[in-house]
file upload_8.pdb (PDB, C-alpha atoms, pLDDT in the B column)
ATOM      1  CA  ILE A1310     119.869 109.066 100.985  1.00 89.00           C
ATOM      2  CA  GLU A1311     119.821 108.474  97.231  1.00 93.00           C
ATOM      3  CA  LEU A1312     119.693 104.718  97.886  1.00 95.00           C
ATOM      4  CA  LEU A1313     116.245 104.969  99.483  1.00 97.00           C
ATOM      5  CA  SER A1314     113.061 104.189  97.586  1.00 97.00           C
ATOM      6  CA  ASP A1315     110.435 106.934  97.421  1.00 97.00           C
ATOM      7  CA  ARG A1316     108.436 105.310 100.234  1.00 97.00           C
ATOM      8  CA  GLU A1317     111.532 104.767 102.381  1.00 98.00           C
ATOM      9  CA  PHE A1318     112.424 108.418 101.865  1.00 97.00           C
ATOM     10  CA  GLU A1319     108.942 109.477 103.026  1.00 97.00           C
ATOM     11  CA  VAL A1320     109.406 107.382 106.167  1.00 98.00           C
ATOM     12  CA  PHE A1321     112.934 108.763 106.697  1.00 98.00           C
ATOM     13  CA  ARG A1322     111.733 112.357 106.315  1.00 97.00           C
ATOM     14  CA  SER A1323     108.891 111.737 108.777  1.00 97.00           C
ATOM     15  CA  ILE A1324     111.333 110.249 111.294  1.00 98.00           C
ATOM     16  CA  GLY A1325     113.431 113.390 110.919  1.00 97.00           C
ATOM     17  CA  GLN A1326     110.349 115.476 111.679  1.00 96.00           C
ATOM     18  CA  GLY A1327     109.995 113.622 114.978  1.00 96.00           C
ATOM     19  CA  LYS A1328     106.992 111.496 114.045  1.00 97.00           C
ATOM     20  CA  SER A1329     106.437 108.155 115.766  1.00 97.00           C
ATOM     21  CA  THR A1330     105.934 104.862 113.948  1.00 97.00           C
ATOM     22  CA  ARG A1331     102.195 105.094 114.618  1.00 97.00           C
ATOM     23  CA  GLU A1332     102.013 108.678 113.310  1.00 98.00           C
ATOM     24  CA  ILE A1333     103.926 107.745 110.165  1.00 98.00           C
ATOM     25  CA  ALA A1334     101.668 104.720 109.612  1.00 98.00           C
ATOM     26  CA  GLU A1335      98.553 106.902 109.876  1.00 98.00           C
ATOM     27  CA  LEU A1336     100.041 109.617 107.675  1.00 97.00           C
ATOM     28  CA  LEU A1337     100.976 107.161 104.910  1.00 97.00           C
ATOM     29  CA  HIS A1338      97.939 104.875 105.385  1.00 98.00           C
ATOM     30  CA  LEU A1339     100.134 101.874 106.177  1.00 98.00           C
ATOM     31  CA  SER A1340     100.377  99.459 109.099  1.00 98.00           C
ATOM     32  CA  GLY A1341     102.872  99.936 111.892  1.00 97.00           C
ATOM     33  CA  LYS A1342     104.513  96.657 110.858  1.00 98.00           C
ATOM     34  CA  THR A1343     105.089  98.014 107.352  1.00 98.00           C
ATOM     35  CA  ILE A1344     106.711 101.144 108.782  1.00 98.00           C
ATOM     36  CA  GLU A1345     108.967  98.963 110.930  1.00 98.00           C
ATOM     37  CA  VAL A1346     110.053  97.062 107.803  1.00 98.00           C
ATOM     38  CA  HIS A1347     110.820 100.363 106.063  1.00 98.00           C
ATOM     39  CA  ARG A1348     112.801 101.536 109.098  1.00 98.00           C
ATOM     40  CA  ALA A1349     114.860  98.313 109.036  1.00 98.00           C
ATOM     41  CA  LYS A1350     115.588  98.678 105.321  1.00 98.00           C
ATOM     42  CA  ILE A1351     116.545 102.338 105.774  1.00 98.00           C
ATOM     43  CA  LYS A1352     118.959 101.397 108.584  1.00 98.00           C
ATOM     44  CA  GLU A1353     120.475  98.702 106.385  1.00 98.00           C
ATOM     45  CA  LYS A1354     120.878 100.976 103.345  1.00 98.00           C
ATOM     46  CA  LEU A1355     122.361 103.815 105.405  1.00 98.00           C
ATOM     47  CA  LYS A1356     124.564 101.392 107.381  1.00 97.00           C
ATOM     48  CA  LEU A1357     123.094 102.446 110.724  1.00 98.00           C
ATOM     49  CA  LYS A1358     123.150 100.030 113.650  1.00 97.00           C
ATOM     50  CA  THR A1359     120.374 101.134 115.978  1.00 97.00           C
ATOM     51  CA  ALA A1360     117.005 102.860 115.889  1.00 96.00           C
ATOM     52  CA  THR A1361     118.592 105.713 117.848  1.00 96.00           C
ATOM     53  CA  ASP A1362     121.252 106.101 115.149  1.00 98.00           C
ATOM     54  CA  LEU A1363     118.488 106.282 112.556  1.00 98.00           C
ATOM     55  CA  VAL A1364     116.539 108.945 114.447  1.00 97.00           C
ATOM     56  CA  ARG A1365     119.676 111.004 115.104  1.00 97.00           C
ATOM     57  CA  TYR A1366     120.696 110.845 111.437  1.00 97.00           C
ATOM     58  CA  ALA A1367     117.193 111.658 110.177  1.00 97.00           C
ATOM     59  CA  VAL A1368     116.813 114.636 112.527  1.00 96.00           C
ATOM     60  CA  ARG A1369     120.204 116.019 111.518  1.00 96.00           C
ATOM     61  CA  TRP A1370     119.278 115.583 107.850  1.00 96.00           C
ATOM     62  CA  ALA A1371     115.906 117.296 108.396  1.00 95.00           C
ATOM     63  CA  GLU A1372     117.585 120.229 110.143  1.00 94.00           C
ATOM     64  CA  THR A1373     120.066 120.801 107.307  1.00 92.00           C
ATOM     65  CA  GLU A1374     117.435 120.320 104.590  1.00 85.00           C
ATOM     66  CA  GLY A1375     115.137 122.800 106.287  1.00 62.00           C
ATOM     67  CA  LYS A1376     117.803 125.500 105.993  1.00 61.00           C
ATOM     68  CA  ASN A1377     118.206 125.098 102.214  1.00 50.00           C
TER      69      ASN A1377
END
call {"tool": "encode", "arguments": {"input": "upload_8.pdb", "output": "structure tokens"}}
result
Amino acid sequence: IELLSDREFEVFRSIGQGKSTREIAELLHLSGKTIEVHRAKIKEKLKLKTATDLVRYAVRWAETEGKN
């Protein structure tokens, strides 16, 4: 997680909260394409293969962070 830029982290956290690409784009005032680029970079940095892997990882992270 430390490898992510501030913006990538915002996107990652939003994914973990169950937000869609469109919702994240609206929340951060960015285009859907930009969010998709962030998602791809996050997957690359975290060595995740699929979008499902990314969502699963982000949700698990959000659940553990919420308990701290």
call {"tool": "residues_around", "arguments": {"input": "upload_8.pdb", "residues": "Val1364 of chain A", "least_positions_apart": "2", "cutoff": "9 Å", "atoms": "only C-alpha atoms", "output": "NGL selection string"}}
result
:A and (1321 or 1324-1325 or 1327 or 1359-1362 or 1366-1369)
call {"tool": "residues_around", "arguments": {"input": "upload_8.pdb", "residues": "segment 1332-1339 of chain A", "least_positions_apart": "6", "cutoff": "10 Å", "atoms": "only C-alpha atoms", "output": "ChimeraX atom specification"}}
result
/A:1316,1319-1324,1345
call {"tool": "axis_aligned_box", "arguments": {"input": "upload_8.pdb", "around": "segment 1320-1338 of chain A", "padding_each_side": "5 Å", "output": "AutoDock Vina command-line options"}}
result
--center_x 105.7 --center_y 110.1 --center_z 110.3 --size_x 25.5 --size_y 20.8 --size_z 20.9
call {"tool": "residues_around", "arguments": {"input": "upload_8.pdb", "residues": "segment 1348-1352 of chain A", "least_positions_apart": "3", "cutoff": "7 Å", "atoms": "all atoms listed in the file", "output": "MDAnalysis selection string"}}
result
chainID A and resid 1313 1317 1344:1345 1355:1358 1363
call {"tool": "atom_distance", "arguments": {"input": "upload_8.pdb", "atom1": "atom CA of Ile1310 of chain A", "atom2": "atom CA of Ala1371 of chain A"}}
result
11.8 Å
call {"tool": "atom_distance", "arguments": {"input": "upload_8.pdb", "atom1": "atom CA of Glu1353 of chain A", "atom2": "atom CA of Asp1315 of chain A"}}
result
15.8 Å
call {"tool": "build_atoms", "arguments": {"input": "upload_8.pdb", "residues": "segment 1347-1358 of chain A", "atoms": "all heavy atoms", "output": "mmCIF file, in the frame of the given file"}}
result
data_model
loop_
_atom_site.group_PDB
_atom_site.id
_atom_site.type_symbol
_atom_site.label_atom_id
_atom_site.label_comp_id
_atom_site.auth_asym_id
_atom_site.auth_seq_id
_atom_site.Cartn_x
_atom_site.Cartn_y
_atom_site.Cartn_z
ATOM 1 N N HIS A 1347 110.147 99.249 106.746
ATOM 2 C CA HIS A 1347 110.820 100.363 106.063
ATOM 3 C C HIS A 1347 111.976 100.896 106.905
ATOM 4 O O HIS A 1347 113.066 101.156 106.381
ATOM 5 C CB HIS A 1347 109.842 101.495 105.746
ATOM 6 C CG HIS A 1347 108.919 101.198 104.607
ATOM 7 N ND1 HIS A 1347 109.349 100.759 103.376
ATOM 8 C CD2 HIS A 1347 107.573 101.302 104.507
ATOM 9 C CE1 HIS A 1347 108.320 100.590 102.571
ATOM 10 N NE2 HIS A 1347 107.224 100.904 103.244
ATOM 11 N N ARG A 1348 111.743 101.047 108.203
ATOM 12 C CA ARG A 1348 112.801 101.536 109.098
ATOM 13 C C ARG A 1348 114.013 100.601 109.058
ATOM 14 O O ARG A 1348 115.156 101.059 109.009
ATOM 15 C CB ARG A 1348 112.292 101.657 110.532
ATOM 16 C CG ARG A 1348 111.334 102.811 110.749
ATOM 17 C CD ARG A 1348 110.749 102.792 112.150
ATOM 18 N NE ARG A 1348 111.768 103.072 113.147
ATOM 19 C CZ ARG A 1348 111.843 104.201 113.840
ATOM 20 N NH1 ARG A 1348 110.959 105.142 113.668
ATOM 21 N NH2 ARG A 1348 112.811 104.367 114.717
ATOM 22 N N ALA A 1349 113.759 99.288 109.075
ATOM 23 C CA ALA A 1349 114.860 98.313 109.036
ATOM 24 C C ALA A 1349 115.634 98.417 107.726
ATOM 25 O O ALA A 1349 116.873 98.376 107.720
ATOM 26 C CB ALA A 1349 114.311 96.902 109.219
ATOM 27 N N LYS A 1350 114.917 98.566 106.619
ATOM 28 C CA LYS A 1350 115.588 98.678 105.321
ATOM 29 C C LYS A 1350 116.380 99.978 105.219
ATOM 30 O O LYS A 1350 117.469 100.003 104.642
ATOM 31 C CB LYS A 1350 114.574 98.577 104.186
ATOM 32 C CG LYS A 1350 114.041 97.181 104.016
ATOM 33 C CD LYS A 1350 113.161 97.061 102.804
ATOM 34 C CE LYS A 1350 112.715 95.613 102.644
ATOM 35 N NZ LYS A 1350 112.020 95.395 101.399
ATOM 36 N N ILE A 1351 115.838 101.055 105.779
ATOM 37 C CA ILE A 1351 116.545 102.338 105.774
ATOM 38 C C ILE A 1351 117.839 102.206 106.576
ATOM 39 O O ILE A 1351 118.907 102.631 106.119
ATOM 40 C CB ILE A 1351 115.656 103.461 106.357
ATOM 41 C CG1 ILE A 1351 114.469 103.734 105.434
ATOM 42 C CG2 ILE A 1351 116.478 104.734 106.574
ATOM 43 C CD1 ILE A 1351 113.364 104.565 106.066
ATOM 44 N N LYS A 1352 117.754 101.592 107.761
ATOM 45 C CA LYS A 1352 118.959 101.397 108.584
ATOM 46 C C LYS A 1352 120.007 100.589 107.818
ATOM 47 O O LYS A 1352 121.187 100.924 107.834
ATOM 48 C CB LYS A 1352 118.621 100.674 109.892
ATOM 49 C CG LYS A 1352 117.977 101.554 110.915
ATOM 50 C CD LYS A 1352 117.935 100.938 112.307
ATOM 51 C CE LYS A 1352 117.500 99.508 112.309
ATOM 52 N NZ LYS A 1352 117.255 98.973 113.651
ATOM 53 N N GLU A 1353 119.561 99.551 107.149
ATOM 54 C CA GLU A 1353 120.475 98.702 106.385
ATOM 55 C C GLU A 1353 121.139 99.503 105.256
ATOM 56 O O GLU A 1353 122.360 99.474 105.099
ATOM 57 C CB GLU A 1353 119.678 97.534 105.812
ATOM 58 C CG GLU A 1353 120.509 96.501 105.099
ATOM 59 C CD GLU A 1353 119.633 95.361 104.578
ATOM 60 O OE1 GLU A 1353 118.771 94.865 105.329
ATOM 61 O OE2 GLU A 1353 119.821 95.003 103.407
ATOM 62 N N LYS A 1354 120.347 100.224 104.484
ATOM 63 C CA LYS A 1354 120.878 100.976 103.345
ATOM 64 C C LYS A 1354 121.820 102.096 103.778
ATOM 65 O O LYS A 1354 122.789 102.400 103.081
ATOM 66 C CB LYS A 1354 119.742 101.561 102.504
ATOM 67 C CG LYS A 1354 119.005 100.512 101.695
ATOM 68 C CD LYS A 1354 117.911 101.135 100.850
ATOM 69 C CE LYS A 1354 117.208 100.092 99.996
ATOM 70 N NZ LYS A 1354 116.191 100.702 99.122
ATOM 71 N N LEU A 1355 121.529 102.712 104.920
ATOM 72 C CA LEU A 1355 122.361 103.815 105.405
ATOM 73 C C LEU A 1355 123.461 103.342 106.351
ATOM 74 O O LEU A 1355 124.191 104.149 106.912
ATOM 75 C CB LEU A 1355 121.485 104.869 106.094
ATOM 76 C CG LEU A 1355 120.434 105.533 105.208
ATOM 77 C CD1 LEU A 1355 119.644 106.566 106.000
ATOM 78 C CD2 LEU A 1355 121.047 106.159 103.972
ATOM 79 N N LYS A 1356 123.546 102.011 106.528
ATOM 80 C CA LYS A 1356 124.564 101.392 107.381
ATOM 81 C C LYS A 1356 124.516 101.939 108.814
ATOM 82 O O LYS A 1356 125.535 102.274 109.403
ATOM 83 C CB LYS A 1356 125.957 101.570 106.771
ATOM 84 C CG LYS A 1356 126.095 100.875 105.426
ATOM 85 C CD LYS A 1356 127.482 101.023 104.884
ATOM 86 C CE LYS A 1356 127.744 100.386 103.544
ATOM 87 N NZ LYS A 1356 126.754 99.760 102.794
ATOM 88 N N LEU A 1357 123.299 102.002 109.353
ATOM 89 C CA LEU A 1357 123.094 102.446 110.724
ATOM 90 C C LEU A 1357 122.779 101.228 111.581
ATOM 91 O O LEU A 1357 122.090 100.318 111.135
ATOM 92 C CB LEU A 1357 121.940 103.455 110.788
ATOM 93 C CG LEU A 1357 122.144 104.712 109.939
ATOM 94 C CD1 LEU A 1357 120.865 105.513 109.847
ATOM 95 C CD2 LEU A 1357 123.277 105.560 110.500
ATOM 96 N N LYS A 1358 123.288 101.220 112.817
ATOM 97 C CA LYS A 1358 123.150 100.030 113.650
ATOM 98 C C LYS A 1358 121.875 99.999 114.470
ATOM 99 O O LYS A 1358 121.249 98.965 114.612
ATOM 100 C CB LYS A 1358 124.361 99.907 114.572
ATOM 101 C CG LYS A 1358 125.614 99.566 113.802
ATOM 102 C CD LYS A 1358 126.774 99.294 114.717
ATOM 103 C CE LYS A 1358 127.902 98.754 113.896
ATOM 104 N NZ LYS A 1358 129.175 99.237 114.107
#
